[in-house]
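**Student:** Attaching a single structure in structure tokens format; questions to follow.
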Amino acid sequence: MTVWDRPEPPTRPAPLDRERIVAAAIALADEGGLEAVSLRKVAARLDAGPMRLYGYISTKEELFDLMVDEVHAEILPQERPGEWREALRGHAHRTRQAALRHPWLADLLGGRPTLGPNALAVTETTLAALDGLADIDTVRRAVETVGAYFTGAIRREIANLRAERATGLSKRDWQRASGPHLKKMLDTGRFPALAKAVYDGTEVDAEESFATGLDWVLDAVAAKLARPPA
């Protein structure tokens, strides 16, 4: 029985429900990451005994599942997308924005599918946008491919943001501090392709990089969808 199938206990002696528990857990995670979340800390924030939470949630993993599903309500589109590219692009950008608001989400993206109602609704909307464009296996691979791209891109971006907070150095500050070492290595001539990328490449911000890579992936998906079945 999943956490969504198991009924909640009575609210006495003090009002308590999964919605309040999840909201408190998300607030803790937003402040200090997943390592800041425990049933004991959530109970303390709610001024409740830790054992009371076990009537609503059996494990911390169940709590994480509920937290992820709650954030999927932010990812669910407000209106039905007009066409498949719009649907997949919107899904990717909304997921990125949710992860920027809740950086801990990056640690829980990917892996086994999330089975909560909001996550299932997001998946339903995404799959429905491609319905009839190809056989179901091709549609599933298309959605998985786009998901693999934005999951990786989001994790990289969040990792960079965490590095900035941990070191106190912005990306530009880090580049300045690392510049002399990198120049010394490139001047050896052992890394000509890398030198070309460093000296001749154009620097773009995270949002533009994310959008560009996403468009390339969508172009590849479009080519696959346009290909007649073998």
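Residues are named by chain letter and number: chains run A, B, ... in the order of the structure tokens, numbers start at 1 in each chain, and ligands are numbered from 1 in the order shown.
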Give me, as CSV, the closest atom pair and its distance (Å, one decimal) for every residue of range 123-200 of chain A within a cut-off of 12 Å of range 26-49 of chain A, counting only C-alpha atoms, rows sorted by chain and rising number.
**Tutor:**
residue,atom,partner,partner_atom,distance
A:Ile158,CA,A:Gly33,CA,11.7
A:Arg162,CA,A:Gly33,CA,10.4
A:Arg165,CA,A:Gly32,CA,11.9
**Student:** May I have the residues within 12 Å of Arg141 in chain A as JSON, numbers by chain, using only C-alpha atoms and disregarding those fewer than 4 positions away in the same chain?
**Tutor:** {"A": [127, 130, 134, 135, 136, 137, 145, 146, 147, 148, 220, 221, 224, 225]}
**Student:** Using N, CA and C atoms, can you write the selected residues to a file as a PDB file, in the first residue's frame?
**Tutor:**
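The new file result.pdb reads:
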ATOM      1  N   LEU A 127       2.186  13.042 -22.067  1.00  0.00           N
ATOM      2  CA  LEU A 127       1.959  11.958 -23.016  1.00  0.00           C
ATOM      3  C   LEU A 127       0.801  12.280 -23.954  1.00  0.00           C
ATOM      4  N   LEU A 130       1.477  14.081 -27.225  1.00  0.00           N
ATOM      5  CA  LEU A 130       2.092  13.342 -28.324  1.00  0.00           C
ATOM      6  C   LEU A 130       1.207  12.208 -28.825  1.00  0.00           C
ATOM      7  N   ALA A 134       2.886   8.972 -33.065  1.00  0.00           N
ATOM      8  CA  ALA A 134       3.737   7.809 -33.331  1.00  0.00           C
ATOM      9  C   ALA A 134       3.227   6.672 -32.462  1.00  0.00           C
ATOM     10  N   ASP A 135       3.838   5.496 -32.611  1.00  0.00           N
ATOM     11  CA  ASP A 135       3.459   4.386 -31.738  1.00  0.00           C
ATOM     12  C   ASP A 135       3.845   4.721 -30.302  1.00  0.00           C
ATOM     13  N   ILE A 136       3.222   4.047 -29.358  1.00  0.00           N
ATOM     14  CA  ILE A 136       3.378   4.405 -27.951  1.00  0.00           C
ATOM     15  C   ILE A 136       4.814   4.249 -27.464  1.00  0.00           C
ATOM     16  N   ASP A 137       5.562   3.271 -27.980  1.00  0.00           N
ATOM     17  CA  ASP A 137       6.953   3.115 -27.549  1.00  0.00           C
ATOM     18  C   ASP A 137       7.805   4.299 -27.995  1.00  0.00           C
ATOM     19  N   THR A 145      13.586  10.876 -23.347  1.00  0.00           N
ATOM     20  CA  THR A 145      14.785  11.547 -23.844  1.00  0.00           C
ATOM     21  C   THR A 145      14.815  13.007 -23.417  1.00  0.00           C
ATOM     22  N   VAL A 146      13.685  13.685 -23.574  1.00  0.00           N
ATOM     23  CA  VAL A 146      13.625  15.082 -23.146  1.00  0.00           C
ATOM     24  C   VAL A 146      13.810  15.175 -21.633  1.00  0.00           C
ATOM     25  N   GLY A 147      13.191  14.240 -20.895  1.00  0.00           N
ATOM     26  CA  GLY A 147      13.343  14.237 -19.449  1.00  0.00           C
ATOM     27  C   GLY A 147      14.782  14.007 -19.021  1.00  0.00           C
ATOM     28  N   ALA A 148      15.474  13.113 -19.716  1.00  0.00           N
ATOM     29  CA  ALA A 148      16.876  12.860 -19.383  1.00  0.00           C
ATOM     30  C   ALA A 148      17.719  14.117 -19.604  1.00  0.00           C
ATOM     31  N   ALA A 220      15.703  16.843 -32.499  1.00  0.00           N
ATOM     32  CA  ALA A 220      15.992  15.431 -32.729  1.00  0.00           C
ATOM     33  C   ALA A 220      14.739  14.580 -32.554  1.00  0.00           C
ATOM     34  N   VAL A 221      13.944  14.891 -31.558  1.00  0.00           N
ATOM     35  CA  VAL A 221      12.687  14.172 -31.347  1.00  0.00           C
ATOM     36  C   VAL A 221      11.755  14.380 -32.532  1.00  0.00           C
ATOM     37  N   LYS A 224      12.632  12.209 -35.376  1.00  0.00           N
ATOM     38  CA  LYS A 224      12.228  10.820 -35.130  1.00  0.00           C
ATOM     39  C   LYS A 224      10.726  10.638 -35.327  1.00  0.00           C
ATOM     40  N   LEU A 225       9.946  11.600 -34.856  1.00  0.00           N
ATOM     41  CA  LEU A 225       8.491  11.502 -35.004  1.00  0.00           C
ATOM     42  C   LEU A 225       8.070  11.608 -36.471  1.00  0.00           C
TER      43      LEU A 225
END
**Student:** Which residue gives the smallest distance to Glu157 in chain A among A:Val68, A:Ala106, A:Ala25, A:Ala211, with only C-alpha atoms counted?
**Tutor:** A:Ala106
**Student:** For the helix (DSSP H, G or I) assignment from backbone DSSP, which residues of range 8-159 of chain A qualify? Please present them as a PyMOL selection string.
**Tutor:** chain A and resi 18-32+34-36+39-45+50-53+60-75+84-101+105-108+117-130+136-159
**Student:** Taking into account only C-alpha atoms, which residue in the set A:Ala153, A:Ala206, A:Leu88, A:Leu161 is nearest to Pro103 in chain A?
**Tutor:**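 Once distances to Pro103 in chain A are computed over only C-alpha atoms, the minimum belongs to A:Leu161.
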**Student:** Need to verify the contact set: range 70-83 of chain A, 12 Å, only C-alpha atoms, exclusion of same-chain residues closer than 5 positions in sequence. Can you return it as a ChimeraX atom specification?
**Tutor:** /A:18-27,30,63-65,88-106,108-109,114-133,222
